[in-house]
Number of protein chains: 2
Amino acid sequence: MAAYIEPRVLKGFRDFLPSAEIARKDLVEKIEKSFRSFGFVPIDTPVLEYAEILLGKSGGDTEKQVYRFKDHGDRDVALRFDLTVPFARFVAEHRQEIPLPFKRYHIAKVWRGEITQRGRYREFTQCDFDIVGSDNAAADFEILLMMRKTISCLGAGEVAIHLNHRGLFNRFLSRLGVLEKSADILRTVDKLAKIGREETLKLLAESAGAGKAREILNYIEIRGTFDETLEALNAAAVGPGGGFCPEAERLALIRRFMIETGIEGAFTLDPSITRGLDYYTGIVYETFLTDMPELGSVCSGGRYNNLTGLYLKEAVPGVGSSIGIDRLIAGLESLGRLSSRPTYADLAIACTGEKNTGAAQALAEKLRKAGVLCEVFLEEDKLPKQFMLAEKKGIKWIVIPGEDPLKDSFTLRDLVKRENREGVSSDEIRVRFMF
Amino acid sequence: MAAYIEPRVLKGFRDFLPSAEIARKDLVEKIEKSFRSFGFVPIDTPVLEYAEILLGKSGGDTEKQVYRFKDHGDRDVALRFDLTVPFARFVAEHRQEIPLPFKRYHIAKVWRGEITQRGRYREFTQCDFDIVGSDNAAADFEILLMMRKTISCLGAGEVAIHLNHRGLFNRFLSRLGVLEKSADILRTVDKLAKIGREETLKLLAESAGAGKAREILNYIEIRGTFDETLEALNAAAVGPGGGFCPEAERLALIRRFMIETGIEGAFTLDPSITRGLDYYTGIVYETFLTDMPELGSVCSGGRYNNLTGLYLKEAVPGVGSSIGIDRLIAGLESLGRLSSRPTYADLAIACTGEKNTGAAQALAEKLRKAGVLCEVFLEEDKLPKQFMLAEKKGIKWIVIPGEDPLKDSFTLRDLVKRENREGVSSDEIRVRFMF
């Protein structure tokens, strides 16, 4: 009995077949092009790090999910579960080599041993971009501008970016006298859309008492134009008659930059946005597709005051965001806007036997030099079988060499219309496909 | 006492700072462009797999090096140590979804807990390209053509590809009566360049006896033109007066395709090339930079008859190769041909305060739309300090906005020549940098 091993991947892990991988690469290439146009530079860090470094800051949930083990040297190591912690370690370790402000992006896989459910994977790609070493409104604004511009160029249509300020919210909680419950309250508010008003109110009451829970709910439900909302939030934070506090000033300045660049229409000041994570200290934001808000945020982030606190005395402030590539691809697919194709090739050259192999590759090389992407078929099957192979591969055109390999004359077949054109020269093919 | 964690990476692992990561991305982008021009498609597979699947075929050395552990579900899992085994599993698992012949590339990290030494890392990138589902000379030739073309377009200069045929060598060993020692002999021959003639002879004598060791050494030292060498190898394999055996026919046919496409100058038939790995059955090859042969092979591979044997009854033949990206980068660096730059940005826009922030980003957006890569500075430092920051970031030009943000007039500074041009309009800047 032959002992075959069943070929299978681990639960929560995925293979990417060519059409899925090409779709992902297309998206990542557009994102990188946008990041680079802003002068952001790429870095890379190891997949495996000392567990102590990755887990130093994390709470129980992360620790339970992380892939952690002893390596050959009995070192306690772990697979990275996000790109933020490795970036903090990276900035601390290379502090002297990195001119600040430093603008970097990092698109790479991370691993979390989560309960697998619809759309949740144990291996997934994160796409982070951050500016560190600057704590001013210009940096906050640049990240927001990049978010709007980058997501827009991915074919997902218009976006609505919901913006808030953690510091302003905390000022309000402080005035209410419940600042010490801030972490619990922020986490509860973050779940509002998921759990509904009643449940939110109940949980808030547990943290802050029933009366204050009602006030907090009123605060996070403030709606209006950006300026009206900002006025109302500031009033709630500093009390009646006070001037703008620094956090409100910051938001007003960001708003001015938006108007000066004509992008203010994409932004809503939304006090219900808090982000769950503890390390945010300034603006926080989430991004929704106007055509599919129910998808959830496809790009989120915020400002943090002390990225490297675990490793370095020097406090390095930063602001950044992360694009949810998997979610975005799911959204584009649902909207019918994912350009999915199983090949890059513009055309194929049919195989008509050994006597033509050299000539076929020579023709292909001529086309490739002109930028035409050209697959050469390798098996001398009957032509209808080769046409079928081309169709399966998603190739729309096929060139059939003539009898004489030295003669510059080919048949060009349109595999969609199923039409042949005979007596076509290699130059005609080159010109037809090079643009 | 503050308990800082020392920021550091594991031994054998590396951070990639922007200039190193940009150099790597530049190289990978060129490689991918070349692969795509041949109609090759990308796939991706999980970093983590069942240990049983990854290790089924491997001997003791691999097993000792692999990162293997129990996951949360007590599954025996491992980090992939190459891209070939996951590809075999992938082809077996998706056999019905993949039209054959299938041409794929995969550029991704792999992990081996090796003894770290100069140029050896525990985390490194592999770059594999293979054609599976075809066992003919046209497929062998296409991989060789791709190797030559792809390495040539990376700026490393001319390449010399050394080619051999495992089957022809085995036929010779069979005639000598030492075929059953083939694996040991191939591994010894593979080390010739490293260990020298005397040591090779000694090891061969241990496998095959002193007399036959001398004959084997004579065989692997056959030199001459491609055709002369082929004649001599065939004669050694089939005995005097015999015709060409199928393996020699295959090499002759590949040689004909080389001549028909005018690339024969890059290839040497070299009987000392054997490749250490067991699974090769047909042609095998290594690639050397003509300007730096001592670097060792930068692209190696061969033909294998049964990729999926561990998982599937159906034998899927294939031929493929792997570019050693890390070694190639080291070589380019030594040759002074690595275009290393710490940024993609064509220019920076200086920060002259809040009143100019919106206008600076609006100017940047105008330039970005024209394809100019443009970093906006965020800190209102004195100009000389901003010039220094630009230089540290590798940016060669900086635009200094005037006093009035509404006036379309800027100073353009050449940071290399340290020259200013005043009164430049945004259109002039756009046209200057967009080409």
# chains A, B, ... in the order shown; residues from 1 in each chain; ligands from 1

call {"tool": "residues_around", "arguments": {"residues": "Thr62 of chain A", "least_positions_apart": "2", "cutoff": "12 Å", "atoms": "only C-alpha atoms", "output": "list of chain:residue names"}}
result
A:Ala51, A:Leu54, A:Leu55, A:Gly56, A:Lys57, A:Ser58, A:Gly59, A:Gly60, A:Lys64, A:Gln65, A:Val66, A:Tyr67, A:Arg68, A:Ala78, A:Leu79, A:Arg80, A:Phe81, A:Asp82, A:Val85, A:Trp111, A:Arg112, A:Gly113, A:Glu114, A:Leu277

call {"tool": "write_last_selection", "arguments": {"atoms": "N, CA and C atoms", "output": "compact mmCIF listing (two decimals), in the first residue's frame"}}
result
# COMPACT_ATOMS: atom_id res chain seq x y z
N ALA A 51 10.12 36.37 22.02
CA ALA A 51 8.75 36.51 22.53
C ALA A 51 8.67 37.69 23.51
N LEU A 54 8.09 40.88 21.52
CA LEU A 54 6.76 41.00 20.91
C LEU A 54 5.66 41.13 21.95
N LEU A 55 5.82 40.48 23.10
CA LEU A 55 4.70 40.38 24.04
C LEU A 55 4.80 41.33 25.23
N GLY A 56 5.93 42.05 25.33
CA GLY A 56 6.14 42.93 26.48
C GLY A 56 4.94 43.78 26.81
N LYS A 57 4.30 44.34 25.81
CA LYS A 57 3.27 45.34 26.03
C LYS A 57 1.86 44.76 26.02
N SER A 58 1.75 43.52 25.59
CA SER A 58 0.42 43.00 25.26
C SER A 58 -0.31 42.43 26.46
N GLY A 59 -1.60 42.41 26.35
CA GLY A 59 -2.44 41.85 27.39
C GLY A 59 -2.66 40.36 27.16
N GLY A 60 -3.61 39.80 27.89
CA GLY A 60 -3.85 38.36 27.87
C GLY A 60 -4.31 37.82 26.53
N LYS A 64 -2.54 34.78 24.32
CA LYS A 64 -3.19 33.50 24.05
C LYS A 64 -3.15 33.16 22.56
N GLN A 65 -3.15 34.21 21.71
CA GLN A 65 -3.27 33.97 20.27
C GLN A 65 -1.93 33.79 19.57
N VAL A 66 -0.86 34.22 20.22
CA VAL A 66 0.40 34.28 19.50
C VAL A 66 1.02 32.89 19.32
N TYR A 67 1.67 32.66 18.17
CA TYR A 67 2.40 31.42 17.93
C TYR A 67 3.77 31.55 18.58
N ARG A 68 3.97 30.83 19.67
CA ARG A 68 5.17 30.99 20.50
C ARG A 68 5.79 29.63 20.75
N ALA A 78 8.61 33.96 18.99
CA ALA A 78 7.20 34.02 18.55
C ALA A 78 7.12 34.60 17.15
N LEU A 79 6.06 34.20 16.44
CA LEU A 79 5.75 34.83 15.15
C LEU A 79 5.09 36.17 15.42
N ARG A 80 5.43 37.20 14.67
CA ARG A 80 4.83 38.52 14.92
C ARG A 80 3.32 38.44 14.71
N PHE A 81 2.57 39.14 15.56
CA PHE A 81 1.11 39.14 15.47
C PHE A 81 0.60 40.46 14.91
N ASP A 82 1.48 41.45 14.77
CA ASP A 82 1.14 42.70 14.08
C ASP A 82 2.43 43.31 13.56
N VAL A 85 4.36 46.44 16.79
CA VAL A 85 5.35 46.11 17.82
C VAL A 85 6.74 45.94 17.19
N TRP A 111 0.55 36.63 12.10
CA TRP A 111 -0.11 35.37 12.49
C TRP A 111 -0.78 35.49 13.85
N ARG A 112 -2.03 35.04 13.91
CA ARG A 112 -2.75 34.98 15.18
C ARG A 112 -3.58 33.71 15.22
N GLY A 113 -3.40 32.93 16.28
CA GLY A 113 -4.13 31.67 16.41
C GLY A 113 -5.55 31.89 16.91
N GLU A 114 -6.30 32.72 16.18
CA GLU A 114 -7.66 33.04 16.60
C GLU A 114 -8.62 31.91 16.29
N LEU A 277 -7.70 49.92 20.83
CA LEU A 277 -6.34 49.78 21.39
C LEU A 277 -5.95 50.90 22.34

call {"tool": "interface_residues", "arguments": {"of": "chain B", "to": "chain A", "cutoff": "6 Å", "atoms": "only C-alpha atoms", "output": "JSON, numbers by chain"}}
result
{"B": [4, 5, 6, 7, 15, 16, 17, 18, 21, 37, 38, 39, 41, 42, 43, 44, 45, 89, 93, 138, 257, 260, 261, 310, 311, 343, 345, 358, 362, 368, 373, 374, 375, 378]}

call {"tool": "residues_around", "arguments": {"residues": "Leu186 of chain A", "least_positions_apart": "4", "cutoff": "10 Å", "atoms": "only C-alpha atoms", "output": "PyMOL selection string"}}
result
chain A and resi 166+169-170+181-182+190-191+204+272-278

call {"tool": "select_by_dssp", "arguments": {"residues": "segment 163-226 of chain A", "states": "helix (DSSP H, G or I)", "output": "number ranges by chain"}}
result
A: 166-176, 179-190, 192-208, 210-220, 226

call {"tool": "write_last_selection", "arguments": {"atoms": "N, CA and C atoms", "output": "short mmCIF file (atom, residue, chain, number, x, y, z; two decimals), in the first residue's frame"}}
result
data_model
loop_
_atom_site.label_atom_id
_atom_site.label_comp_id
_atom_site.auth_asym_id
_atom_site.auth_seq_id
_atom_site.Cartn_x
_atom_site.Cartn_y
_atom_site.Cartn_z
N ARG A 166 -9.02 61.19 20.69
CA ARG A 166 -9.02 60.51 21.98
C ARG A 166 -8.84 61.49 23.14
N GLY A 167 -7.96 62.47 22.92
CA GLY A 167 -7.66 63.43 23.99
C GLY A 167 -8.86 64.28 24.34
N LEU A 168 -9.63 64.62 23.31
CA LEU A 168 -10.83 65.43 23.53
C LEU A 168 -11.86 64.61 24.32
N PHE A 169 -12.00 63.36 23.96
CA PHE A 169 -12.91 62.45 24.65
C PHE A 169 -12.47 62.29 26.11
N ASN A 170 -11.18 62.11 26.31
CA ASN A 170 -10.69 61.94 27.68
C ASN A 170 -10.92 63.20 28.51
N ARG A 171 -10.80 64.36 27.87
CA ARG A 171 -11.07 65.61 28.58
C ARG A 171 -12.54 65.64 29.06
N PHE A 172 -13.42 65.16 28.18
CA PHE A 172 -14.84 65.07 28.54
C PHE A 172 -15.04 64.08 29.70
N LEU A 173 -14.38 62.92 29.60
CA LEU A 173 -14.51 61.93 30.67
C LEU A 173 -13.95 62.46 31.98
N SER A 174 -12.91 63.24 31.88
CA SER A 174 -12.30 63.84 33.05
C SER A 174 -13.28 64.82 33.71
N ARG A 175 -13.96 65.62 32.89
CA ARG A 175 -14.93 66.57 33.43
C ARG A 175 -16.10 65.83 34.10
N LEU A 176 -16.42 64.65 33.54
CA LEU A 176 -17.46 63.81 34.15
C LEU A 176 -16.98 63.12 35.42
N LEU A 179 -12.49 59.58 34.33
CA LEU A 179 -11.32 59.37 33.47
C LEU A 179 -10.62 58.04 33.76
N GLU A 180 -10.62 57.65 35.05
CA GLU A 180 -9.91 56.41 35.37
C GLU A 180 -10.58 55.18 34.76
N LYS A 181 -11.82 55.35 34.31
CA LYS A 181 -12.52 54.23 33.64
C LYS A 181 -12.37 54.33 32.12
N SER A 182 -11.54 55.26 31.68
CA SER A 182 -11.42 55.59 30.26
C SER A 182 -11.22 54.36 29.37
N ALA A 183 -10.31 53.45 29.74
CA ALA A 183 -10.01 52.29 28.88
C ALA A 183 -11.26 51.44 28.66
N ASP A 184 -12.00 51.15 29.77
CA ASP A 184 -13.24 50.36 29.65
C ASP A 184 -14.27 51.09 28.79
N ILE A 185 -14.41 52.39 29.06
CA ILE A 185 -15.43 53.16 28.34
C ILE A 185 -15.13 53.20 26.84
N LEU A 186 -13.85 53.42 26.50
CA LEU A 186 -13.47 53.48 25.08
C LEU A 186 -13.76 52.15 24.39
N ARG A 187 -13.45 51.07 25.09
CA ARG A 187 -13.68 49.75 24.48
C ARG A 187 -15.18 49.51 24.27
N THR A 188 -15.99 49.95 25.23
CA THR A 188 -17.44 49.78 25.08
C THR A 188 -17.96 50.61 23.90
N VAL A 189 -17.54 51.88 23.86
CA VAL A 189 -18.01 52.76 22.78
C VAL A 189 -17.60 52.19 21.41
N ASP A 190 -16.41 51.61 21.37
CA ASP A 190 -15.90 51.04 20.11
C ASP A 190 -16.84 49.96 19.57
N LEU A 192 -20.18 49.99 19.86
CA LEU A 192 -21.54 50.51 19.68
C LEU A 192 -22.24 49.94 18.44
N ALA A 193 -21.59 50.04 17.28
CA ALA A 193 -22.21 49.59 16.03
C ALA A 193 -22.53 48.10 16.10
N LYS A 194 -21.70 47.35 16.81
CA LYS A 194 -21.86 45.90 16.85
C LYS A 194 -22.96 45.47 17.85
N ILE A 195 -22.98 46.13 19.03
CA ILE A 195 -23.86 45.63 20.10
C ILE A 195 -25.13 46.45 20.28
N GLY A 196 -25.20 47.63 19.66
CA GLY A 196 -26.43 48.43 19.76
C GLY A 196 -26.45 49.36 20.98
N ARG A 197 -27.42 50.29 20.97
CA ARG A 197 -27.50 51.34 21.99
C ARG A 197 -27.76 50.79 23.39
N GLU A 198 -28.74 49.90 23.47
CA GLU A 198 -29.17 49.44 24.80
C GLU A 198 -28.04 48.72 25.53
N GLU A 199 -27.38 47.82 24.81
CA GLU A 199 -26.29 47.05 25.40
C GLU A 199 -25.12 47.99 25.75
N THR A 200 -24.86 48.97 24.87
CA THR A 200 -23.80 49.94 25.14
C THR A 200 -24.10 50.69 26.44
N LEU A 201 -25.34 51.15 26.55
CA LEU A 201 -25.76 51.91 27.74
C LEU A 201 -25.59 51.06 29.00
N LYS A 202 -25.95 49.81 28.90
CA LYS A 202 -25.84 48.89 30.03
C LYS A 202 -24.37 48.75 30.48
N LEU A 203 -23.50 48.52 29.48
CA LEU A 203 -22.08 48.35 29.78
C LEU A 203 -21.47 49.64 30.32
N LEU A 204 -21.87 50.79 29.72
CA LEU A 204 -21.36 52.08 30.20
C LEU A 204 -21.79 52.32 31.64
N ALA A 205 -23.03 51.94 31.94
CA ALA A 205 -23.55 52.12 33.31
C ALA A 205 -22.71 51.33 34.31
N GLU A 206 -22.26 50.14 33.88
CA GLU A 206 -21.41 49.32 34.76
C GLU A 206 -20.10 50.04 35.06
N SER A 207 -19.56 50.77 34.08
CA SER A 207 -18.28 51.47 34.29
C SER A 207 -18.48 52.81 34.99
N ALA A 208 -19.55 53.56 34.63
CA ALA A 208 -19.63 54.96 35.02
C ALA A 208 -20.89 55.33 35.78
N ALA A 210 -25.38 54.94 35.92
CA ALA A 210 -26.44 55.11 34.92
C ALA A 210 -26.52 56.53 34.37
N GLY A 211 -26.43 57.53 35.24
CA GLY A 211 -26.58 58.92 34.79
C GLY A 211 -25.47 59.32 33.84
N LYS A 212 -24.24 59.00 34.23
CA LYS A 212 -23.10 59.37 33.39
C LYS A 212 -23.08 58.56 32.10
N ALA A 213 -23.58 57.30 32.17
CA ALA A 213 -23.66 56.48 30.96
C ALA A 213 -24.53 57.20 29.93
N ARG A 214 -25.65 57.76 30.38
CA ARG A 214 -26.54 58.49 29.49
C ARG A 214 -25.80 59.69 28.88
N GLU A 215 -25.05 60.43 29.72
CA GLU A 215 -24.29 61.60 29.20
C GLU A 215 -23.25 61.19 28.17
N ILE A 216 -22.57 60.04 28.43
CA ILE A 216 -21.57 59.55 27.48
C ILE A 216 -22.24 59.17 26.16
N LEU A 217 -23.39 58.50 26.27
CA LEU A 217 -24.10 58.11 25.05
C LEU A 217 -24.52 59.36 24.27
N ASN A 218 -25.02 60.39 25.00
CA ASN A 218 -25.37 61.64 24.33
C ASN A 218 -24.17 62.22 23.59
N TYR A 219 -23.01 62.19 24.28
CA TYR A 219 -21.78 62.74 23.68
C TYR A 219 -21.43 62.01 22.39
N ILE A 220 -21.41 60.68 22.43
CA ILE A 220 -20.96 59.95 21.23
C ILE A 220 -22.01 59.97 20.13
N PHE A 226 -18.98 69.21 10.43
CA PHE A 226 -17.71 69.09 11.15
C PHE A 226 -17.59 70.21 12.18
#

call {"tool": "atom_distance", "arguments": {"atom1": "atom CA of Leu328 of chain A", "atom2": "atom CA of Arg303 of chain A"}}
result
22.8 Å

call {"tool": "atom_distance", "arguments": {"atom1": "atom CA of Lys385 of chain A", "atom2": "atom CA of Ala350 of chain A"}}
result
10.3 Å

call {"tool": "atom_distance", "arguments": {"atom1": "atom CA of Asp404 of chain B", "atom2": "atom CA of Met434 of chain B"}}
result
25.2 Å

call {"tool": "select_by_dssp", "arguments": {"residues": "segment 79-246 of chain A", "states": "strand (DSSP E)", "output": "list in words"}}
result
Leu79, Phe102, Lys103, Arg104, Tyr105, His106, Ile107, Ala108, Lys109, Val110, Trp111, Glu123, Phe124, Thr125, Gln126, Cys127, Asp128, Phe129, Asp130, Ile131, Val132, Val159, Ala160, Ile161, His162, Leu163, Asn164 and His165 of chain A

call {"tool": "write_last_selection", "arguments": {"atoms": "N, CA and C atoms", "output": "PDB file, in the first residue's frame"}}
result
ATOM      1  N   LEU A  79       6.058  34.204  16.438  1.00  0.00           N
ATOM      2  CA  LEU A  79       5.754  34.827  15.148  1.00  0.00           C
ATOM      3  C   LEU A  79       5.087  36.172  15.422  1.00  0.00           C
ATOM      4  N   PHE A 102      10.362  60.149  10.278  1.00  0.00           N
ATOM      5  CA  PHE A 102      10.580  58.973   9.434  1.00  0.00           C
ATOM      6  C   PHE A 102       9.221  58.479   8.950  1.00  0.00           C
ATOM      7  N   LYS A 103       9.113  58.331   7.641  1.00  0.00           N
ATOM      8  CA  LYS A 103       7.837  57.891   7.056  1.00  0.00           C
ATOM      9  C   LYS A 103       8.057  56.530   6.425  1.00  0.00           C
ATOM     10  N   ARG A 104       7.452  55.509   7.015  1.00  0.00           N
ATOM     11  CA  ARG A 104       7.689  54.172   6.474  1.00  0.00           C
ATOM     12  C   ARG A 104       6.383  53.435   6.200  1.00  0.00           C
ATOM     13  N   TYR A 105       6.471  52.481   5.268  1.00  0.00           N
ATOM     14  CA  TYR A 105       5.372  51.528   5.119  1.00  0.00           C
ATOM     15  C   TYR A 105       5.917  50.115   5.226  1.00  0.00           C
ATOM     16  N   HIS A 106       5.041  49.201   5.562  1.00  0.00           N
ATOM     17  CA  HIS A 106       5.429  47.796   5.736  1.00  0.00           C
ATOM     18  C   HIS A 106       4.197  46.956   5.408  1.00  0.00           C
ATOM     19  N   ILE A 107       4.308  46.158   4.370  1.00  0.00           N
ATOM     20  CA  ILE A 107       3.200  45.295   3.950  1.00  0.00           C
ATOM     21  C   ILE A 107       3.694  43.862   4.093  1.00  0.00           C
ATOM     22  N   ALA A 108       3.135  43.125   5.035  1.00  0.00           N
ATOM     23  CA  ALA A 108       3.675  41.791   5.309  1.00  0.00           C
ATOM     24  C   ALA A 108       2.668  40.960   6.090  1.00  0.00           C
ATOM     25  N   LYS A 109       2.958  39.668   6.157  1.00  0.00           N
ATOM     26  CA  LYS A 109       2.060  38.753   6.845  1.00  0.00           C
ATOM     27  C   LYS A 109       2.264  38.783   8.354  1.00  0.00           C
ATOM     28  N   VAL A 110       1.176  38.533   9.082  1.00  0.00           N
ATOM     29  CA  VAL A 110       1.226  38.365  10.536  1.00  0.00           C
ATOM     30  C   VAL A 110       0.377  37.145  10.879  1.00  0.00           C
ATOM     31  N   TRP A 111       0.547  36.634  12.103  1.00  0.00           N
ATOM     32  CA  TRP A 111      -0.113  35.373  12.486  1.00  0.00           C
ATOM     33  C   TRP A 111      -0.783  35.487  13.849  1.00  0.00           C
ATOM     34  N   GLU A 123      -3.461  33.477   9.300  1.00  0.00           N
ATOM     35  CA  GLU A 123      -2.347  34.116   8.583  1.00  0.00           C
ATOM     36  C   GLU A 123      -2.965  35.173   7.683  1.00  0.00           C
ATOM     37  N   PHE A 124      -2.579  36.416   7.865  1.00  0.00           N
ATOM     38  CA  PHE A 124      -3.140  37.461   7.008  1.00  0.00           C
ATOM     39  C   PHE A 124      -2.130  38.586   6.822  1.00  0.00           C
ATOM     40  N   THR A 125      -2.414  39.426   5.825  1.00  0.00           N
ATOM     41  CA  THR A 125      -1.468  40.480   5.468  1.00  0.00           C
ATOM     42  C   THR A 125      -1.870  41.796   6.121  1.00  0.00           C
ATOM     43  N   GLN A 126      -0.925  42.453   6.745  1.00  0.00           N
ATOM     44  CA  GLN A 126      -1.169  43.814   7.231  1.00  0.00           C
ATOM     45  C   GLN A 126      -0.422  44.805   6.350  1.00  0.00           C
ATOM     46  N   CYS A 127      -0.966  46.014   6.307  1.00  0.00           N
ATOM     47  CA  CYS A 127      -0.408  47.055   5.438  1.00  0.00           C
ATOM     48  C   CYS A 127      -0.392  48.356   6.224  1.00  0.00           C
ATOM     49  N   ASP A 128       0.745  48.627   6.871  1.00  0.00           N
ATOM     50  CA  ASP A 128       0.843  49.756   7.798  1.00  0.00           C
ATOM     51  C   ASP A 128       1.631  50.904   7.195  1.00  0.00           C
ATOM     52  N   PHE A 129       1.211  52.117   7.469  1.00  0.00           N
ATOM     53  CA  PHE A 129       2.035  53.285   7.110  1.00  0.00           C
ATOM     54  C   PHE A 129       1.978  54.292   8.241  1.00  0.00           C
ATOM     55  N   ASP A 130       3.131  54.791   8.637  1.00  0.00           N
ATOM     56  CA  ASP A 130       3.258  55.649   9.812  1.00  0.00           C
ATOM     57  C   ASP A 130       4.265  56.765   9.582  1.00  0.00           C
ATOM     58  N   ILE A 131       4.036  57.867  10.264  1.00  0.00           N
ATOM     59  CA  ILE A 131       5.038  58.931  10.364  1.00  0.00           C
ATOM     60  C   ILE A 131       5.453  58.991  11.826  1.00  0.00           C
ATOM     61  N   VAL A 132       6.730  58.751  12.124  1.00  0.00           N
ATOM     62  CA  VAL A 132       7.166  58.881  13.510  1.00  0.00           C
ATOM     63  C   VAL A 132       8.172  60.025  13.638  1.00  0.00           C
ATOM     64  N   VAL A 159     -14.858  57.164  -0.400  1.00  0.00           N
ATOM     65  CA  VAL A 159     -14.737  56.717   0.982  1.00  0.00           C
ATOM     66  C   VAL A 159     -15.256  57.775   1.942  1.00  0.00           C
ATOM     67  N   ALA A 160     -15.703  57.331   3.093  1.00  0.00           N
ATOM     68  CA  ALA A 160     -16.089  58.233   4.180  1.00  0.00           C
ATOM     69  C   ALA A 160     -15.170  57.929   5.359  1.00  0.00           C
ATOM     70  N   ILE A 161     -14.361  58.923   5.732  1.00  0.00           N
ATOM     71  CA  ILE A 161     -13.433  58.721   6.849  1.00  0.00           C
ATOM     72  C   ILE A 161     -14.012  59.371   8.103  1.00  0.00           C
ATOM     73  N   HIS A 162     -14.219  58.551   9.123  1.00  0.00           N
ATOM     74  CA  HIS A 162     -14.776  59.039  10.387  1.00  0.00           C
ATOM     75  C   HIS A 162     -13.637  59.272  11.366  1.00  0.00           C
ATOM     76  N   LEU A 163     -13.640  60.479  11.900  1.00  0.00           N
ATOM     77  CA  LEU A 163     -12.493  60.978  12.646  1.00  0.00           C
ATOM     78  C   LEU A 163     -12.924  61.371  14.052  1.00  0.00           C
ATOM     79  N   ASN A 164     -12.051  61.136  15.014  1.00  0.00           N
ATOM     80  CA  ASN A 164     -12.326  61.608  16.370  1.00  0.00           C
ATOM     81  C   ASN A 164     -10.989  61.919  17.040  1.00  0.00           C
ATOM     82  N   HIS A 165     -11.030  62.425  18.280  1.00  0.00           N
ATOM     83  CA  HIS A 165      -9.799  62.739  19.005  1.00  0.00           C
ATOM     84  C   HIS A 165      -9.897  62.128  20.400  1.00  0.00           C
TER      85      HIS A 165
END
